[in-house]
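What follows is a short report on a single structure.
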Amino acid sequence: MPTLGLRQRLTELRGPGVRPRALDARALAALAANPGCRRRALLDGAGVDKAALAQALGSPAAYGRSQFAIVRGNAFEARVKADGGAELMRLLRERLRPDGAGPQEAAGDAETAVPDLSAAGPEGRAARTALALRAATEAGGWSLLDHPLLAVEVAGSPAYVEPDAVVVHPDGGWTVVEIKSFPMIDGAADAAKVGAAARQAAVYVLALERVARQVAARTGREVHVRDRVLLVCPKDFSNLPTAAAVDIRRQLSATRRQLARLTRVEEIAAALPPGTTFDLRLADDGTTATRPAGELATAVAAVDADYAPECLAACELAFHCRGRSRADGAVAALGRGLRGELGGLRTIGEVLAAAAGPPGPPAQGAAPCGGHPDSPDSPDSPDSPDDPAVTALRRAAALRAEALAGAAPVAGRRPEEPGCH
C-alpha cells in the first residue's frame with residue numbers, strides 16, 4: 001500500500017477531522033517494551049487518542065505523573081543544567097571517560113558551547129537542531145544541546161521526540177543525556193525505572209542516527225551516536241546530581257525492530273473488518289464521545305492485544321484490556337513470566353484441566369495416544385503429557401493432594417489430643 005493510501009486509511013481509523021495524536025518517546029518506548037501488541041501498534045500508528053478511547057469504553061486510565069513530580073523534576077533539571085551545564089559536563093566527562101576518551105576528551109576545563117535551538121514550529125526546531133549538530137561536529141569541540149527536537153518516521157509520518165540534552169564530543173561522537181527525578185541510592189537506582197529510561201533513550205539514539213548520517217554525508221566526518229547514555233538522577237535522598245553510564249544496546253535493538261514493525265502497520269489495518277473505525281464522534285464541545293461504547297468495544301476487539309500486568313504503567317487502554325483478558329481467563333493476565341512457564345496453555349481453564357491428571361482409558365475404538373491432534377494425549381494438544389508444563393502441573397497437583405491427605409488427620413484432632421498446641 002503506498003504511503004498516501006496508508007495515511008488515508010489511518011485517517012479513516014481516527015475519524016474524519018480528527019487530528020492525529022503525536023507520538024513521543026515514552027509512547028515509542030512503551031511499544032518497544034511490548035512489541036507483540038498489535039492493538040497498541042495500530043492505535044499509536046494511527047494517532048488515536050487512547051486516553052479518550054479508554055474513557056469512552058468505561059475504563060479510564062489511572063496512571064500518570066503527578067504535578068508535584070513534574071515540578072520537582074523540572075527544578076532538578078534546571079539545577080543540573082545551571083551555569084551553562086557545567087555540572088552536567090563534569091558528570092559526563094567523569095562517567096564516560098572509560099569509553100575510550102583521548103586527552104582532548106578528558107579536558108575538564110574545556111569550554112562548552114550551548115547553541116540556540118529556538119525556531120517556529122516542530123519542523124523548524126527539528127531543522128534548527130540538525131544545523132546545530134552539524135555545526136558543533138564541524139567545530140570539533142564540546143557542545144551541549146538543551147532540549148533538541150528530533151524527528152522519527154513512524155508509519156510514514158514524522159513523530160517528534162525531545163531528549164533532555166545531547167552532548168557533542170570533540171571526536172564527533174554524540175551522547176544522549178537523560179535527566180530523571182527518581183533517586184540513585186548508593187550508586188544504584190530502581191531497575192524498572194532505569195529500564196524505562198533506557199528504552200526512552202533508545203528512541204532518541206535512533207532519531208539521532210538519522211541526523212548523523214546526514215551530517216556525515218555533508219561534512220565528510222565520521223559521526224558516531226554512542227550506545228551508552230548518561231543517566232542523571234538525585235544522589236541518595238538529596239537534590240544533588242549524580243550520574244551513571246547506561247548501556248542501551250539491547251533496548252536499541254528492540255526499539256529498532258518495533259519501529260520497523262510499525263512501518264508495516266498497514267498489514268494490521270488491512271486485516272480489520274470493513275468499516276472498522278475508532279472514531280469517538282465527539283460532540284460540539286470537542287470532548288464528549290457520542291458513539292455507543294458497544295460499537296467502540298467491537299472495533300477495539302477486532303485488533304489482537306498482548307496484555308500483561310506491566311501494561312498498567314504504560315498504556316491508557318490497559319484497564320480495558322485487563323478486563324477482557326480476565327473475562328477470557330487468559331493466563332497472560334497473571335504475568336509474562338507465568339505465561340512463559342505454561343508454554344502452550346493459554347487459558348486458566350486449560351491449566352486446571354491439565355493439572356487435574358491424566359485422562360481415563362480411551363473408549364473402545366478410540367484413536368491411540370498421539371493418533372489424533374484433538375486427543376488430550378496428542379503431542380500437538382496443549383494439555384499433552386509430553387508437554388513439560390503439563391508434566392510439572394500434574395506433579396504439583398499430585399504433591400498438593402499428597403500434602404492435603406497427610407494434613408487431614410492433624411486438622412481433625414481435638415485440642416486435648418497429644419500433638420496439638
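Identifiers for the C-alpha cells are assigned positionally: chains receive A, B, ... in sequence, residues are indexed from 1 per chain, and ligands are indexed from 1 in the order shown.
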
Close residues, Val161 of chain A itself excluded, 9 Å, only C-alpha atoms, min 2 positions apart in chain, as a PyMOL selection string
chain A and resi 23-25+148-152+159+163+203-204+207

When you look at segment 64-78 of chain A with a cut-off of 7 Å (counting only C-alpha atoms), what residues show up, excluding the ones that are within fewer than 3 positions of it in the same chain? I need them as a PyMOL selection string.
chain A and resi 81-82+179-181+239

How would the residues just picked look written out with all heavy atoms as a compact mmCIF listing (two decimals), in the first residue's frame?
# COMPACT_ATOMS: atom_id res chain seq x y z
N LYS A 81 21.48 21.74 34.73
CA LYS A 81 21.91 22.50 33.56
C LYS A 81 22.33 23.93 33.88
O LYS A 81 22.62 24.70 32.95
CB LYS A 81 20.77 22.53 32.53
CG LYS A 81 20.44 21.16 31.96
CD LYS A 81 19.29 21.27 30.97
CE LYS A 81 18.96 19.92 30.34
NZ LYS A 81 17.80 20.02 29.42
N ALA A 82 22.38 24.29 35.14
CA ALA A 82 22.74 25.66 35.51
C ALA A 82 24.18 25.97 35.10
O ALA A 82 25.01 25.06 34.93
CB ALA A 82 22.56 25.85 37.02
N ILE A 179 17.74 13.03 32.14
CA ILE A 179 17.70 13.57 33.50
C ILE A 179 16.38 13.15 34.13
O ILE A 179 15.30 13.50 33.64
CB ILE A 179 17.83 15.10 33.49
CG1 ILE A 179 19.13 15.51 32.79
CG2 ILE A 179 17.81 15.66 34.91
CD1 ILE A 179 19.29 17.01 32.62
N LYS A 180 16.46 12.36 35.20
CA LYS A 180 15.29 11.83 35.87
C LYS A 180 15.28 12.27 37.33
O LYS A 180 16.33 12.51 37.93
CB LYS A 180 15.25 10.30 35.79
CG LYS A 180 15.18 9.76 34.37
CD LYS A 180 13.88 10.19 33.69
CE LYS A 180 13.75 9.59 32.30
NZ LYS A 180 12.51 10.05 31.62
N SER A 181 14.08 12.33 37.90
CA SER A 181 13.94 12.79 39.28
C SER A 181 13.92 11.65 40.29
O SER A 181 13.86 11.91 41.49
CB SER A 181 12.67 13.64 39.44
OG SER A 181 11.52 12.90 39.09
N ASN A 239 19.14 16.62 46.73
CA ASN A 239 18.84 17.16 45.41
C ASN A 239 20.11 17.38 44.61
O ASN A 239 20.10 18.04 43.58
CB ASN A 239 18.07 18.48 45.55
CG ASN A 239 17.29 18.81 44.29
OD1 ASN A 239 16.78 17.91 43.60
ND2 ASN A 239 17.18 20.09 43.95

Write out as a PyMOL selection string all residues of segment 194-274 of chain A that DSSP puts in strand (DSSP E) for this structure's backbone.
chain A and resi 224-225+228-234+241-247

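If only C-alpha atoms are the atoms counted, then among A:Gly140, A:Ala212, A:Gly173, A:Ala245 the closest residue to Leu96 of chain A is A:Ala245.
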
Can you check which residues of segment 221-322 of chain A DSSP gives as helix (DSSP H, G or I) on the backbone and send them as a ChimeraX atom specification?
/A:249-262,265-270,293-301,309-313,318-322

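Pairwise distance (atom CA of Pro170 of chain A, atom CA of Leu133 of chain A) equals 12.1 Å.
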
Do a neighbour search on segment 305-310 of chain A at 6 Å with only C-alpha atoms, toss out local chain neighbours closer than 2 positions, and write the hits as a ChimeraX atom specification.
/A:37-39,312-313,332-333,335

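The environment of Ala127 of chain A within 12 Å, counting only C-alpha atoms and disregarding residues fewer than 4 places along the same chain, consists of Leu117, Ser118, Ala119, Ala120, Gly121, Pro122, Glu123, Leu131, Ala132, Leu133, Arg134, Pro148, Leu149, Leu150, Ala151, Tyr160, Val211 and Gln214 of chain A.
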
Taking only C-alpha atoms into account, which of A:Gly124, A:Pro60, A:Pro183, A:Gly195 comes nearest Glu316 of chain A?
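The shortest atom-to-atom distance to Glu316 of chain A comes from A:Pro60.
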
With only C-alpha atoms as the counted atoms, please give the residues lying no more than 8 Å from segment 250-256 of chain A, apart from itself and same-chain residues fewer than 4 positions off, as number ranges by chain.
A: 28-29, 31-33, 198-199, 202-203, 205-206, 227, 260

Mind writing the picked residues with C-alpha atoms as a PDB file, in the first residue's frame?
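Saved as result_4.pdb:
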ATOM      1  CA  LEU A  28       7.536   4.621  21.384  1.00  0.00           C
ATOM      2  CA  ALA A  29       9.485   3.139  24.313  1.00  0.00           C
ATOM      3  CA  LEU A  31       5.766  -0.031  22.174  1.00  0.00           C
ATOM      4  CA  ALA A  32       9.260  -1.469  22.258  1.00  0.00           C
ATOM      5  CA  ALA A  33       8.540  -2.967  25.685  1.00  0.00           C
ATOM      6  CA  ALA A 198      16.911   3.236  28.731  1.00  0.00           C
ATOM      7  CA  ARG A 199      14.069   2.397  26.351  1.00  0.00           C
ATOM      8  CA  ALA A 202      16.965   4.307  22.691  1.00  0.00           C
ATOM      9  CA  VAL A 203      14.298   6.228  20.783  1.00  0.00           C
ATOM     10  CA  VAL A 205      19.537   7.466  19.734  1.00  0.00           C
ATOM     11  CA  LEU A 206      17.626   6.092  16.744  1.00  0.00           C
ATOM     12  CA  ASP A 227      25.087   3.464  22.617  1.00  0.00           C
ATOM     13  CA  ALA A 260      10.393  -1.349  11.619  1.00  0.00           C
TER      14      ALA A 260
END

Return the single residue from A:Ala283, A:Ala197, A:Ala302, A:Val177 that is closest to Ala270 of chain A, with distances computed using only C-alpha atoms.
A:Ala302

Within 10 Å of Trp174 of chain A, counting only C-alpha atoms, which residues show up once you throw out same-chain ones fewer than 3 positions away? Write them as a list in words, please.
Leu133, Thr137, Ser143, Leu144, Val166, Val167, Val168, His169, Pro170, Asp171, Val177, Val205, Leu208, Glu209, Ala212, Val223, His224, Val225, Arg226, Asp227, Arg228 and Val229 of chain A

Residues from the last selection, N, CA and C atoms, saved as a short mmCIF file (atom, residue, chain, number, x, y, z; two decimals), in the first residue's frame:
data_model
loop_
_atom_site.label_atom_id
_atom_site.label_comp_id
_atom_site.auth_asym_id
_atom_site.auth_seq_id
_atom_site.Cartn_x
_atom_site.Cartn_y
_atom_site.Cartn_z
N LEU A 133 23.72 20.50 15.26
CA LEU A 133 24.55 19.30 15.38
C LEU A 133 25.64 19.29 14.32
N THR A 137 29.64 19.52 15.24
CA THR A 137 30.53 18.44 14.81
C THR A 137 31.70 18.99 14.00
N SER A 143 29.94 20.63 22.82
CA SER A 143 28.69 21.38 22.64
C SER A 143 27.59 20.69 23.42
N LEU A 144 26.73 21.48 24.03
CA LEU A 144 25.59 20.96 24.78
C LEU A 144 24.31 21.48 24.15
N VAL A 166 21.64 16.62 24.45
CA VAL A 166 22.58 15.86 23.62
C VAL A 166 23.92 16.57 23.68
N VAL A 167 24.97 15.81 23.94
CA VAL A 167 26.32 16.38 24.03
C VAL A 167 27.12 15.93 22.82
N VAL A 168 27.76 16.89 22.15
CA VAL A 168 28.65 16.61 21.02
C VAL A 168 30.08 16.62 21.55
N HIS A 169 30.80 15.53 21.33
CA HIS A 169 32.18 15.39 21.81
C HIS A 169 33.15 15.96 20.79
N PRO A 170 34.36 16.29 21.22
CA PRO A 170 35.37 16.79 20.27
C PRO A 170 35.70 15.80 19.16
N ASP A 171 35.56 14.48 19.44
CA ASP A 171 35.88 13.49 18.41
C ASP A 171 34.74 13.26 17.44
N VAL A 177 21.63 12.47 26.89
CA VAL A 177 21.58 12.66 28.34
C VAL A 177 20.13 12.60 28.79
N VAL A 205 18.35 7.89 20.47
CA VAL A 205 19.54 7.47 19.73
C VAL A 205 19.17 7.11 18.29
N LEU A 208 18.70 10.25 16.43
CA LEU A 208 19.98 10.90 16.17
C LEU A 208 20.75 10.21 15.05
N GLU A 209 20.61 8.90 14.94
CA GLU A 209 21.33 8.19 13.89
C GLU A 209 20.94 8.68 12.50
N ALA A 212 22.73 11.87 12.08
CA ALA A 212 24.16 11.63 11.97
C ALA A 212 24.56 11.23 10.55
N VAL A 223 30.59 10.40 12.15
CA VAL A 223 29.76 10.77 13.29
C VAL A 223 29.27 9.49 13.95
N HIS A 224 29.50 9.38 15.24
CA HIS A 224 29.13 8.17 15.97
C HIS A 224 28.17 8.52 17.10
N VAL A 225 26.95 8.00 17.01
CA VAL A 225 25.98 8.17 18.10
C VAL A 225 26.24 7.05 19.11
N ARG A 226 26.64 7.38 20.29
CA ARG A 226 27.07 6.38 21.27
C ARG A 226 25.88 5.61 21.83
N ASP A 227 26.13 4.31 22.05
CA ASP A 227 25.09 3.46 22.62
C ASP A 227 25.18 3.37 24.14
N ARG A 228 25.95 4.24 24.73
CA ARG A 228 25.96 4.42 26.19
C ARG A 228 25.45 5.83 26.47
N VAL A 229 24.39 5.94 27.22
CA VAL A 229 23.80 7.23 27.52
C VAL A 229 24.11 7.60 28.96
#

When distances are computed from only C-alpha atoms, which of A:Glu341, A:Asp146, A:Asp387, A:Glu138 shows the smallest separation from Pro115 of chain A?
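With only C-alpha atoms as the atom set, the closest residue is A:Asp146.
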